[in-house]
>>> print(open('my_file-v9.txt').read())   # compact mmCIF, C-alpha atoms
# COMPACT_ATOMS: atom_id res chain seq x y z
CA MET A 363 -28.77 168.22 278.48
CA ALA A 364 -27.04 166.37 275.71
CA THR A 365 -26.23 162.68 276.10
CA PRO A 366 -22.60 161.67 275.32
CA PRO A 367 -22.19 159.37 272.39
CA PRO A 368 -21.61 155.69 273.21
CA PRO A 369 -18.05 154.39 272.86
CA GLN A 370 -17.06 153.08 269.52
CA ALA A 371 -16.29 149.38 269.29
CA GLY A 372 -12.61 148.80 268.73
CA PRO A 373 -10.91 145.85 267.11
CA TYR A 374 -10.88 144.01 270.48
CA GLY A 375 -14.41 144.71 271.71
CA PRO A 376 -16.39 147.68 272.92
CA TYR A 377 -13.93 148.55 275.70
CA ALA A 378 -10.76 148.27 273.74
CA ALA A 379 -10.22 152.01 273.96
CA GLN A 380 -10.02 151.80 277.79
CA GLN A 381 -7.19 149.13 277.76
CA PRO A 382 -3.74 150.39 278.82
CA GLN A 383 -1.49 150.92 275.91
CA GLN A 384 1.33 148.38 275.36
CA PRO A 385 4.92 149.63 275.42
CA GLY A 386 6.21 150.66 272.06
CA PRO A 387 9.32 149.54 270.21
CA THR A 388 11.46 151.51 272.67
CA GLY A 389 10.24 149.62 275.75
CA PRO A 390 12.27 147.18 277.78
CA TYR A 391 10.67 144.20 276.11
CA ALA A 392 10.75 145.38 272.53
CA PRO A 393 11.19 142.47 270.18
CA PRO A 394 14.41 142.43 268.25
CA GLN A 395 14.26 144.06 264.90
CA SER A 396 16.36 141.37 263.21
CA ALA A 397 18.08 138.17 264.24
CA GLY A 398 21.87 138.31 264.53
CA PRO A 399 24.29 135.67 263.28
CA TYR A 400 24.12 133.75 266.59
CA GLY A 401 20.42 134.16 267.49
CA PRO A 402 18.01 137.01 268.27
CA TYR A 403 19.95 138.20 271.34
CA ALA A 404 23.43 138.14 269.83
CA ALA A 405 23.78 141.85 270.48
CA HIS A 406 23.72 141.23 274.26
CA ALA A 407 26.35 138.38 274.17
CA PRO A 408 29.43 139.45 276.16
CA HIS A 409 31.87 137.57 273.90
CA VAL A 410 32.00 136.59 270.27
CA LEU A 411 32.65 132.93 269.65
CA PRO A 412 35.92 132.14 267.80
CA GLN A 413 35.79 131.02 264.23
CA PRO A 414 36.43 127.26 263.86
CA GLY A 415 39.94 126.29 262.81
CA PRO A 416 40.92 123.64 260.26
CA TYR A 417 40.67 120.91 262.95
CA GLY A 418 37.74 122.30 264.98
CA SER A 419 37.11 125.25 267.24
CA TRP A 420 39.51 123.98 269.95
CA SER A 421 42.51 122.97 267.85
CA ALA A 422 45.82 123.59 269.68
CA PRO A 423 48.18 126.24 268.29
CA GLN A 424 50.87 124.85 266.07
CA PRO A 425 54.48 125.21 267.44
CA SER A 426 57.05 127.29 265.63
CA TYR A 427 60.27 125.57 264.49
CA GLY A 428 62.29 128.60 263.50
CA CYS A 429 65.91 129.25 264.37
CA ARG A 430 66.56 130.06 268.03
CA PHE A 431 68.63 133.13 267.07
CA CYS A 432 66.87 134.69 264.11
CA GLY A 433 63.55 132.81 263.83
CA ALA A 434 64.17 131.93 260.18
CA GLY A 435 63.48 128.60 258.56
CA PRO A 436 64.14 125.93 257.64
CA ALA A 437 65.90 124.93 260.85
CA ALA A 438 67.52 121.73 262.13
CA GLU A 439 67.50 120.32 265.65
CA ALA A 440 71.14 119.80 266.66
CA THR A 441 73.53 120.26 269.59
CA VAL A 442 76.94 121.89 269.08
CA ARG A 443 79.55 121.09 271.72
CA GLY A 444 82.75 122.64 273.06
CA HIS A 445 85.43 121.79 275.59
CA GLN A 446 87.86 123.72 277.79
CA GLY A 447 90.80 122.10 279.53
CA MET A 448 92.24 123.90 282.58
CA VAL A 449 95.14 121.61 283.68
CA VAL A 450 93.23 120.13 286.64
CA LEU A 451 89.64 121.18 285.89
CA MET A 452 87.65 121.05 282.65
CA ARG A 453 84.40 122.41 281.23
CA PHE A 454 81.93 120.75 278.88
CA LEU A 455 79.99 123.28 276.79
CA SER A 456 76.95 122.76 274.57
CA ARG A 457 74.33 124.80 272.71
CA ARG A 458 71.12 123.22 271.46
CA GLY A 459 69.07 124.29 268.43
CA PRO A 460 67.02 124.55 266.34
CA PHE A 461 69.41 126.44 264.05
CA CYS A 462 69.03 127.74 260.53
CA ARG A 463 71.87 127.15 258.09
CA ASP A 464 73.80 130.37 258.73
CA CYS A 465 73.31 130.50 262.52
CA GLY A 466 74.18 126.81 262.82
CA LEU A 467 77.41 127.14 260.85
CA ALA A 468 78.35 130.27 262.81
CA THR A 469 77.80 128.43 266.11
CA TYR A 470 79.69 125.34 264.94
CA ARG A 471 82.69 127.31 263.71
CA ARG A 472 82.92 129.53 266.79
CA MET A 473 82.62 126.72 269.36
CA SER A 474 84.96 124.39 267.44
CA SER A 475 87.48 127.19 266.98
CA ASP A 476 87.46 127.92 270.72
CA THR A 477 87.87 124.22 271.45
CA LEU A 478 90.91 124.02 269.16
CA TRP A 479 92.92 126.38 271.35
CA GLN A 480 91.21 125.96 274.75
CA GLY A 481 90.69 122.20 274.85
CA TRP A 482 94.22 120.79 275.06
CA TRP A 483 95.36 122.06 278.45
CA GLY A 484 94.77 118.99 280.62
CA PRO A 485 95.68 115.27 280.69
CA LEU A 486 92.14 114.04 280.00
CA SER A 487 91.42 116.97 277.69
CA LEU A 488 93.96 115.58 275.22
CA LEU A 489 91.49 112.74 274.62
CA ILE A 490 88.21 114.63 275.07
CA THR A 491 89.04 117.46 272.65
CA PRO A 492 89.38 115.26 269.53
CA LEU A 493 86.13 113.46 270.44
CA THR A 494 84.33 116.81 270.81
CA LEU A 495 85.53 117.96 267.40
CA LEU A 496 84.39 114.68 265.83
CA LEU A 497 80.93 114.95 267.44
CA ASN A 498 80.48 118.42 265.91
CA LEU A 499 80.84 117.02 262.40
CA GLY A 500 77.30 115.59 262.58
CA PRO A 501 75.57 118.97 263.24
CA ARG A 502 77.83 120.60 260.63
CA ALA A 503 76.60 118.18 257.96
CA ALA A 504 72.96 118.81 258.98
CA PHE A 505 73.40 122.59 258.69
CA ARG A 506 75.01 122.37 255.26
CA ARG A 507 72.02 120.41 253.92
CA LEU A 508 69.56 123.20 254.79
CA ALA A 509 68.24 125.76 252.30
CA PRO A 510 69.09 129.47 252.79
CA PRO A 511 67.20 130.95 255.79
CA THR A 512 64.04 133.00 255.13
CA GLY A 513 61.30 134.63 257.17
CA GLY A 514 63.26 135.49 260.31
CA HIS A 515 62.54 138.36 262.71
CA ARG A 516 66.21 139.44 262.56
CA PRO A 517 69.19 138.82 260.25
CA PRO A 518 70.93 135.45 260.77
CA LEU A 519 74.43 135.21 262.23
CA ASP A 520 77.43 135.56 259.93
CA PRO A 521 79.11 132.13 259.55
CA GLY A 522 82.51 133.79 259.05
CA LYS A 523 85.60 132.03 257.70
CA PRO A 524 85.72 128.24 257.45
CA LEU A 525 87.34 126.51 260.40
CA ARG A 526 90.48 125.51 258.49
CA ARG A 527 91.21 129.18 257.65
CA ARG A 528 91.06 130.44 261.22
CA PRO A 529 94.17 131.01 263.39
CA ALA A 530 92.94 128.48 265.96
CA ALA A 531 93.37 125.74 263.36
CA LEU A 532 97.13 126.35 263.45
CA LEU A 533 97.13 125.61 267.18
CA PHE A 534 95.54 122.27 266.41
CA LEU A 535 98.51 121.42 264.21
CA VAL A 536 100.94 121.77 267.13
CA PRO A 537 99.67 118.77 269.18
CA ALA A 538 98.91 116.88 265.98
CA LEU A 539 102.49 117.28 264.75
CA PHE A 540 103.76 116.44 268.22
CA LEU A 541 101.89 113.14 268.19
CA LEU A 542 102.98 112.34 264.66
CA LEU A 543 106.64 113.00 265.46
CA ALA A 544 106.57 111.39 268.90
CA ILE A 545 105.73 107.90 267.63
CA PRO A 546 108.65 107.58 265.17
CA THR A 547 110.98 109.19 267.70
CA LEU A 548 110.07 106.65 270.35
CA ILE A 549 110.60 103.86 267.84
CA LEU A 550 114.03 105.18 266.89
CA ILE A 551 114.99 105.55 270.53
CA GLY A 552 113.69 102.09 271.39
CA VAL A 553 115.52 100.24 268.62
CA PRO A 554 119.07 101.06 269.80
CA ALA A 555 118.01 100.47 273.38
CA GLY A 556 116.81 97.01 272.40
CA ASP A 557 120.12 96.25 270.68
CA ASP A 558 122.05 97.17 273.84
CA THR A 559 120.18 94.57 275.86
CA PRO A 560 122.48 91.56 276.29
CA HIS A 561 121.13 88.36 274.75
CA PRO A 562 122.29 85.08 276.35
CA LEU A 563 124.88 83.26 274.26
CA VAL A 564 124.78 79.62 273.29
CA SER A 565 127.88 77.53 272.72
CA GLY A 566 128.80 77.49 269.03
CA GLN A 567 127.29 80.90 268.15
CA CYS A 568 129.40 83.47 266.34
CA VAL A 569 129.35 87.09 267.43
CA ARG A 570 130.90 90.42 266.68
CA ASN A 571 131.75 93.11 269.18
CA GLU A 572 130.65 96.64 268.23
CA GLY A 573 131.86 98.14 271.50
CA ASP A 574 135.03 98.03 273.54
CA TRP A 575 135.82 95.26 276.00
CA SER A 576 134.77 97.26 279.03
CA HIS A 577 131.42 98.08 277.38
CA GLN A 578 130.81 95.07 275.17
CA LYS A 579 128.10 95.03 272.55
CA LEU A 580 128.04 91.45 271.27
CA LEU A 581 125.73 90.77 268.35
CA VAL A 582 125.02 87.25 267.07
CA THR A 583 126.29 86.91 263.49
CA ASP A 584 126.41 84.17 260.87
CA CYS A 585 129.66 82.31 261.26
CA GLY A 586 130.30 82.47 257.50
CA ALA A 587 129.84 86.26 257.36
CA PRO A 588 133.00 88.35 257.04
CA GLU A 589 132.03 90.47 260.07
CA ALA A 590 131.95 87.47 262.42
CA GLN A 591 134.83 87.82 264.91
CA TYR A 592 134.42 85.29 267.75
CA ARG A 593 132.82 81.97 268.51
CA ALA A 594 131.25 81.36 271.91
CA THR A 595 132.76 78.04 272.95
CA ARG A 596 131.71 77.32 276.52
CA PRO A 597 131.40 78.93 279.92
CA SER A 598 134.76 79.69 281.46
CA LEU A 599 133.92 77.68 284.59
CA ALA A 600 132.61 74.64 282.76
CA PRO A 601 134.18 71.26 283.42
CA GLY A 602 137.39 70.86 281.45
CA GLY A 603 139.30 73.90 282.59
CA SER A 604 139.43 77.58 281.83
CA CYS A 605 139.37 79.29 278.47
CA ALA A 606 142.08 78.47 275.91
CA PRO A 607 145.05 80.77 275.48
CA GLY A 608 144.11 83.77 273.32
CA ASP A 609 140.39 83.54 274.13
CA PHE A 610 138.42 86.50 275.34
CA LEU A 611 135.79 86.54 278.06
CA ALA A 612 132.28 87.81 277.44
CA LEU A 613 130.61 89.78 280.19
CA PRO A 614 128.55 87.65 282.59
CA ALA A 615 125.39 89.41 281.36
CA TYR A 616 125.71 87.41 278.11
CA SER A 617 125.42 84.07 279.89
CA PRO A 618 122.06 82.35 280.54
CA GLU A 619 122.65 82.54 284.29
CA GLY A 620 123.89 86.13 284.12
CA THR A 621 126.90 85.30 286.34
CA VAL A 622 129.32 83.11 284.36
CA PRO A 623 131.32 84.60 281.46
CA TYR A 624 131.54 82.71 278.15
CA CYS A 625 134.80 82.00 276.35
CA LEU A 626 135.10 83.81 273.00
CA THR A 627 137.53 82.19 270.60
CA PRO A 628 138.76 84.44 267.75
CA LEU A 629 137.84 83.16 264.29
CA ARG A 630 140.94 84.70 262.67
>>> encode(input="my_file-v9.txt", output="structure tokens")
Amino acid sequence: MATPPPPQAGPYGPYAAQQPQQPGPTGPYAPPQSAGPYGPYAAHAPHVLPQPGPYGSWSAPQPSYGCRFCGAGPAAEATVRGHQGMVVLMRFLSRRGPFCRDCGLATYRRMSSDTLWQGWWGPLSLLITPLTLLLNLGPRAAFRRLAPPTGGHRPPLDPGKPLRRRPAALLFLVPALFLLLAIPTLILIGVPAGDDTPHPLVSGQCVRNEGDWSHQKLLVTDCGAPEAQYRATRPSLAPGGSCAPGDFLALPAYSPEGTVPYCLTPLR
């Protein structure tokens, strides 16, 4: 009977051939073939880390300052205001930016135009409306300094006609003309009314009568002037008797006491 040959010595000793074989490259513990960009087990990472920004990996997102209507830039932060007068009630309107040049001018012109014909119908609104229009001049100047809008997600608003070329501007002229004409009219009305007020006479003054004797209008005049007609001599009830023959009596309203008539002696 033949004897089997003895086992050959392997690289790890004479019994190396009887050792269990190690799992191959496809086993559960196969070493990685190559290291990934974030370590040898990058393939099993559930998320990929974000790339670092210019100020670090956790820099906050930068806010957008585009126009509120079209998203274009450059844009200016401003508030456009409007006013509505409703006899007893009133409304204060406002719209805040940012606005690009075209959207800002369109908003300014529309709200100011509405204020020109809606803002006058109330006692307090007569004062508030001009103030509102003056406040809107600041945003208007800021919009006009901006460059043309670019980079928006939609076309900007159409600014339309300038405010002075809109029909509402004509309505603004009505109260403006009324105020301009009312002041001179009141002055002209007040001047004759002031002349009709009787001024107390003093003995020795010369006067002229521009009315009739039942409705006297005695005006103090220089005694040397040709239009001087009478001289106020004394009260008719003063000591020494009544007025001289041919004298006239001034109405009691022309006396300091308001009750005693003065004697008026004709100069000619």
>>> residues_around(input="my_file-v9.txt", residues="Tyr624 of chain A", least_positions_apart="6", cutoff="6 Å", atoms="all atoms listed in the file", output="list in words")
Arg596, Pro597, Ser598, Leu611 and Ala612 of chain A
>>> residues_around(input="my_file-v9.txt", residues="Leu495 of chain A", least_positions_apart="5", cutoff="9 Å", atoms="all atoms listed in the file", output="number ranges by chain")
A: 443-444, 474, 477-478, 490
>>> atom_distance(input="my_file-v9.txt", atom1="atom CA of Trp479 of chain A", atom2="atom CA of Ala440 of chain A")
23.2 Å
>>> residues_around(input="my_file-v9.txt", residues="Lys523 of chain A", least_positions_apart="6", cutoff="10 Å", atoms="only C-alpha atoms", output="number ranges by chain")
A: 468, 471-472
>>> residues_around(input="my_file-v9.txt", residues="Cys568 of chain A", least_positions_apart="4", cutoff="6 Å", atoms="only C-alpha atoms", output="number ranges by chain")
A: 582-583, 585, 592-593
>>> closest_residue(input="my_file-v9.txt", among="A:Cys605, A:Leu626, A:Leu489, A:Cys462", to="Arg570 of chain A", atoms="only C-alpha atoms")
A:Leu626
>>> residues_near_point(input="my_file-v9.txt", point="(89.5, 120.3, 273.4)", cutoff="10 Å", atoms="all atoms listed in the file", output="VMD selection string")
chain A and resid 444 to 447 452 to 454 474 to 484 486 to 495 534
>>> residues_around(input="my_file-v9.txt", residues="segment 498-515 of chain A", least_positions_apart="3", cutoff="9 Å", atoms="all atoms listed in the file", output="ChimeraX atom specification")
/A:428-429,431-444,461-467,470-471,474,493-495,518
>>> closest_residue(input="my_file-v9.txt", among="A:Gly573, A:Pro588, A:Pro562, A:Pro460", to="Glu619 of chain A", atoms="only C-alpha atoms")
A:Pro562
>>> atom_distance(input="my_file-v9.txt", atom1="atom CA of Ser617 of chain A", atom2="atom CA of Ala594 of chain A")
10.2 Å
>>> atom_distance(input="my_file-v9.txt", atom1="atom CA of Thr595 of chain A", atom2="atom CA of Thr627 of chain A")
6.7 Å
>>> residues_near_point(input="my_file-v9.txt", point="(128.8, 90.1, 279.1)", cutoff="10 Å", atoms="only C-alpha atoms", output="list of chain:residue names")
A:Pro560, A:His561, A:Pro562, A:Leu563, A:Trp575, A:Ser576, A:His577, A:Gln578, A:Lys579, A:Leu580, A:Leu611, A:Ala612, A:Leu613, A:Pro614, A:Ala615, A:Tyr616, A:Ser617, A:Gly620, A:Thr621, A:Val622, A:Pro623, A:Tyr624
